[in-house]
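For reference, query-v4.txt is printed below; it contains compact mmCIF, C-alpha atoms.
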# COMPACT_ATOMS: atom_id res chain seq x y z
CA GLU A 1126 -7.00 24.01 12.13
CA TRP A 1127 -5.41 27.43 11.78
CA ALA A 1128 -8.22 29.28 13.51
CA LEU A 1129 -8.09 26.85 16.42
CA LEU A 1130 -4.32 26.97 16.74
CA ALA A 1131 -4.29 30.73 16.90
CA TRP A 1132 -7.19 31.21 19.30
CA ILE A 1133 -7.26 28.25 21.71
CA PRO A 1134 -5.22 30.01 24.43
CA THR A 1135 -7.37 33.14 24.22
CA PHE A 1136 -10.51 31.03 24.24
CA LEU A 1137 -9.39 29.02 27.28
CA HIS A 1138 -8.44 32.23 29.08
CA GLU A 1139 -11.55 34.27 28.28
CA VAL A 1140 -14.21 31.57 28.20
CA GLY A 1141 -12.61 28.80 30.28
CA GLY A 1142 -11.42 31.10 33.05
CA MET A 1143 -7.80 29.93 32.94
CA THR A 1144 -4.82 32.15 33.45
CA THR A 1145 -2.94 33.04 30.29
CA THR A 1146 -0.05 30.84 31.42
CA GLN A 1147 -2.34 27.85 32.01
CA ALA A 1148 -4.09 28.36 28.68
CA ALA A 1149 -0.83 28.67 26.75
CA THR A 1150 0.60 25.63 28.51
CA LEU A 1151 -2.51 23.62 27.69
CA MET A 1152 -1.79 24.18 24.00
CA SER A 1153 0.88 21.51 24.39
CA VAL A 1154 -1.93 19.04 25.12
CA PHE A 1155 -3.61 20.05 21.85
CA PHE A 1156 -0.34 19.52 19.97
CA ALA A 1157 0.17 16.15 21.69
CA ALA A 1158 -3.34 15.13 20.62
CA MET A 1159 -2.52 16.18 17.05
CA LEU A 1160 0.66 14.10 17.17
CA GLY A 1161 -1.30 11.11 18.46
CA GLY A 1162 -3.86 11.63 15.72
CA ARG A 1163 -1.17 11.72 13.04
CA LEU A 1164 0.45 8.56 14.38
CA LEU A 1165 -2.87 6.69 14.42
CA GLY A 1166 -3.73 8.11 11.01
CA SER A 1167 -0.46 6.75 9.65
CA VAL A 1168 -1.32 3.27 10.88
CA LEU A 1169 -4.92 3.45 9.63
CA SER A 1170 -3.85 4.73 6.21
CA ARG A 1171 -2.37 1.30 5.53
CA ARG A 1172 -5.76 -0.33 6.12
CA LEU A 1173 -8.48 2.12 5.01
CA ASN A 1174 -8.95 4.33 1.98
CA SER A 1175 -8.33 8.06 2.20
CA GLY A 1176 -11.95 9.00 1.65
CA MET A 1177 -13.09 6.97 4.64
CA LEU A 1178 -10.21 8.29 6.74
CA LEU A 1179 -11.02 11.90 5.86
CA LEU A 1180 -14.63 11.40 6.91
CA LEU A 1181 -13.43 9.69 10.09
CA ALA A 1182 -11.07 12.57 10.91
CA LEU A 1183 -13.81 15.11 10.27
CA GLY A 1184 -16.25 13.06 12.34
CA VAL A 1185 -13.88 12.90 15.31
CA THR A 1186 -13.35 16.66 15.06
CA LEU A 1187 -17.10 17.21 14.82
CA VAL A 1188 -17.63 15.12 17.96
CA GLY A 1189 -14.95 16.88 20.01
CA PHE A 1190 -15.45 20.46 18.91
CA PRO A 1191 -18.87 21.08 20.53
CA PHE A 1192 -17.50 19.93 23.89
CA PHE A 1193 -14.50 22.22 23.54
CA TRP A 1194 -16.65 25.10 22.34
CA LEU A 1195 -19.73 24.83 24.54
CA ALA A 1196 -18.97 22.81 27.69
CA ALA A 1197 -19.30 24.76 30.92
CA TRP A 1198 -17.16 22.30 32.91
CA LEU A 1199 -13.47 22.93 32.20
CA PRO A 1200 -12.33 19.25 32.21
CA LEU A 1201 -14.99 18.44 29.61
CA ARG A 1202 -13.88 21.44 27.55
CA VAL A 1203 -10.26 20.22 27.71
CA LEU A 1204 -11.35 16.70 26.72
CA GLY A 1205 -13.20 18.23 23.77
CA MET A 1206 -10.04 20.11 22.83
CA VAL A 1207 -8.04 16.86 22.91
CA ILE A 1208 -10.60 15.03 20.75
CA THR A 1209 -10.70 17.98 18.35
CA GLY A 1210 -6.91 18.01 18.06
CA PHE A 1211 -6.89 14.26 17.53
CA GLY A 1212 -9.36 14.57 14.68
CA ILE A 1213 -8.06 17.75 13.09
CA ALA A 1214 -4.55 16.35 12.79
CA ASN A 1215 -5.36 14.26 9.75
CA GLN A 1216 -7.72 16.50 7.86
CA TYR A 1217 -5.09 18.06 5.61
CA PRO A 1218 -3.07 14.88 4.92
CA PHE A 1219 -6.19 12.88 4.13
CA SER A 1220 -7.58 15.74 2.05
CA ILE A 1221 -4.46 15.58 -0.10
CA ALA A 1222 -4.65 11.80 -0.37
CA ASN A 1223 -8.35 11.90 -1.17
CA ALA A 1224 -7.97 14.69 -3.74
CA THR A 1225 -5.25 12.80 -5.59
CA HIS A 1226 -7.41 9.67 -5.52
CA VAL A 1227 -10.67 11.34 -6.56
CA ALA A 1228 -9.05 13.52 -9.23
CA ALA A 1229 -6.22 11.20 -10.26
CA ARG A 1230 -6.02 12.71 -13.75
CA TYR A 1231 -5.65 16.16 -12.18
CA ALA A 1232 -3.53 15.25 -9.16
CA ASP A 1233 -1.01 18.03 -9.78
CA ALA A 1234 -3.72 20.68 -10.02
CA ALA A 1235 -5.53 19.25 -6.98
CA ASN A 1236 -2.34 19.34 -4.90
CA ALA A 1237 -1.53 22.88 -6.02
CA ARG A 1238 -5.03 24.06 -5.13
CA LEU A 1239 -4.90 22.36 -1.75
CA ALA A 1240 -1.54 23.98 -1.00
CA LEU A 1241 -2.93 27.36 -2.04
CA THR A 1242 -6.11 27.02 0.02
CA ASN A 1243 -4.18 25.76 3.03
CA GLY A 1244 -1.82 28.71 2.80
CA LEU A 1245 -4.70 31.14 2.46
CA ALA A 1246 -6.51 29.51 5.37
CA GLY A 1247 -3.40 29.81 7.51
CA LEU A 1248 -3.09 33.45 6.56
CA LEU A 1249 -6.71 34.54 6.72
CA ALA A 1250 -8.59 32.30 9.17
CA PRO A 1251 -6.93 33.50 12.39
CA PHE A 1252 -7.39 37.15 11.40
CA ALA A 1253 -10.99 36.65 10.31
CA LEU A 1254 -11.80 34.81 13.52
CA GLY A 1255 -10.02 37.51 15.51
CA ALA A 1256 -11.98 40.27 13.82
CA LEU A 1257 -15.20 38.44 14.54
CA ALA A 1258 -14.10 37.78 18.13
CA ASP A 1259 -13.43 41.50 18.60
CA SER A 1260 -16.99 42.32 17.69
CA ALA A 1261 -18.94 39.31 18.97
CA GLY A 1262 -16.64 37.53 21.43
CA VAL A 1263 -14.33 34.57 20.97
CA GLN A 1264 -16.92 31.95 21.91
CA GLN A 1265 -19.44 33.29 19.43
CA SER A 1266 -16.80 33.53 16.71
CA TYR A 1267 -16.17 29.80 17.00
CA ALA A 1268 -19.61 29.27 15.46
CA VAL A 1269 -17.83 29.92 12.15
CA VAL A 1270 -15.51 26.99 12.86
CA ALA A 1271 -18.50 24.77 13.60
CA GLY A 1272 -20.10 25.81 10.33
CA LEU A 1273 -16.90 25.16 8.39
CA LEU A 1274 -16.67 21.69 9.94
CA VAL A 1275 -20.17 20.84 8.80
CA ILE A 1276 -19.43 22.13 5.30
CA ALA A 1277 -16.20 20.08 5.20
CA VAL A 1278 -18.09 16.91 6.16
CA ILE A 1279 -20.66 17.51 3.41
CA MET A 1280 -17.95 18.23 0.84
CA ALA A 1281 -15.94 15.13 1.78
CA TYR A 1282 -19.05 12.97 1.64
CA VAL A 1283 -20.01 14.31 -1.78
CA ALA A 1284 -16.44 13.86 -3.09
CA ASN A 1285 -16.44 10.26 -1.89
CA ARG A 1286 -19.81 9.63 -3.56
CA VAL A 1287 -18.59 11.15 -6.83
CA ALA A 1288 -15.44 9.02 -6.69
CA ALA A 1289 -17.46 5.87 -5.97
CA SER A 1290 -19.81 6.67 -8.88
CA ALA A 1291 -16.86 7.21 -11.20
CA VAL A 1292 -15.35 3.86 -10.19
CA SER A 1293 -18.64 2.01 -10.68
CA VAL A 1294 -19.18 3.65 -14.11
CA ALA A 1295 -15.61 2.80 -15.16
CA ALA A 1296 -16.07 -0.80 -14.00
CA SER A 1297 -19.22 -1.26 -16.11

Could I get this file's structure written as structure tokens?
Amino acid sequence: EWALLAWIPTFLHEVGGMTTTQAATLMSVFFAAMLGGRLLGSVLSRRLNSGMLLLLALGVTLVGFPFFWLAAWLPLRVLGMVITGFGIANQYPFSIANATHVAARYADAANARLALTNGLAGLLAPFALGALADSAGVQQSYAVVAGLLVIAVIMAYVANRVAASAVSVAAS
């Protein structure tokens, strides 16, 4: 989330061919998509468990990001950005909910660690992506984001499996 927020305007300008004003203005569309994602996530959180919702949010992000990152046609790239914003909006809230569910005995520690990692990500990710963009280009640097998304999906899936195993063992 932090790497995208910091670098979308630069990416749209350098790779998408937009003016800096157009690219910065288009960030409002990303924020609107995030708002829409949070609103829908709020509704869905009353019906589905946090583990499923986290995987859904990651899946939506994983679907949208390649279009944003790799599409040559600007409208498709913008659509990918919207889908990515829609999905990324709920990753942190559902991560918190899922962590407190999966590690209920250690909810305080889980929340503290999530706050710490989110703060570190907000501090370090934009700079790390920027340093990589300086040497390889902003489009190439987004490969790191794609890799992190894949890792996040795997981690969320494994956490959900561990939680389901713990529930089934406790029930027996």

* To do: Take atom CA of A:Ser1170 and atom CA of A:Val1185 and report the distance between them in Å, one decimal.
  =>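 Going from atom CA of A:Ser1170 over to atom CA of A:Val1185 covers 15.8 Å.
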
* Structure fact -> Here atom CA of A:Asn1174 and atom CA of A:Asn1285 stand apart by 10.3 Å

Could you list, with a cut-off of 12 Å and counting all atoms listed in the file, the residues of stretch 1209-1242 of chain A near stretch 1159-1168 of chain A, each shown with its nearest atom pair and the distance in Å rounded to one decimal, rows sorted by chain and ascending number, as a tab-separated table?
residue	atom	partner	partner_atom	distance
A:Thr1209	CA	A:Met1159	CA	8.5
A:Gly1210	CA	A:Met1159	CA	4.9
A:Phe1211	CA	A:Gly1162	CA	4.4
A:Gly1212	CA	A:Gly1162	CA	6.3
A:Ile1213	CA	A:Met1159	CA	7.0
A:Ala1214	CA	A:Met1159	CA	4.7
A:Asn1215	CA	A:Arg1163	CA	5.9
A:Gln1216	CA	A:Arg1163	CA	9.6
A:Tyr1217	CA	A:Arg1163	CA	10.5
A:Pro1218	CA	A:Arg1163	CA	8.9
A:Phe1219	CA	A:Gly1166	CA	8.7
A:Ala1222	CA	A:Ser1167	CA	12.0

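Shortest separation to A:Ala1224 among A:Pro1191, A:Gly1272, A:Gly1176, A:Pro1134 occurs at residue A:Gly1176, atoms counted being all atoms listed in the file.
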
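Taking atom CA of A:Pro1251 and atom CA of A:Leu1274 as the two end points, the separation is 15.5 Å.
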
* Which residues, written as an NGL selection string, have at least one atom at most 12 Å from A:Ser1220, with only C-alpha atoms counted and residues fewer than 4 positions away on the same chain left out? -> :A and (1174-1183 or 1213-1216 or 1224-1228 or 1232 or 1235-1236 or 1238-1240 or 1242-1243 or 1277-1278 or 1280-1282 or 1284-1285)

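For A:His1138, the residues within 12 Å (counting all atoms listed in the file, excluding itself and residues fewer than 3 positions away along the chain) are Trp1132, Ile1133, Pro1134, Thr1135, Gly1141, Gly1142, Met1143, Thr1144, Thr1145, Thr1146, Gln1147, Ala1148, Ala1149, Thr1150, Leu1151, Met1152, Leu1199, Val1263 and Gln1264 of chain A.
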
* Contacts of A:Ile1208 within 8 Å, only C-alpha atoms, excl. fewer than 6 positions in-chain, as a list in words ->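 Here the answer would be Ala1158, Val1185, Thr1186, Val1188, Gly1189 and Phe1190 of chain A.
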
Starting from 8 Å padding per side, set up an axis-aligned box that covers all listed atoms of stretch 1166-1184 of chain A and hand over centre and edge lengths in Å, one decimal, as JSON.
{"center_x": -8.4, "center_y": 7.4, "center_z": 7.0, "size_x": 31.8, "size_y": 31.4, "size_z": 26.7}

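Checking A:Ala1246, A:Val1140, A:Val1154, A:Ala1271 one by one against A:Trp1198, counting all atoms listed in the file, you find the shortest gap at A:Val1140.
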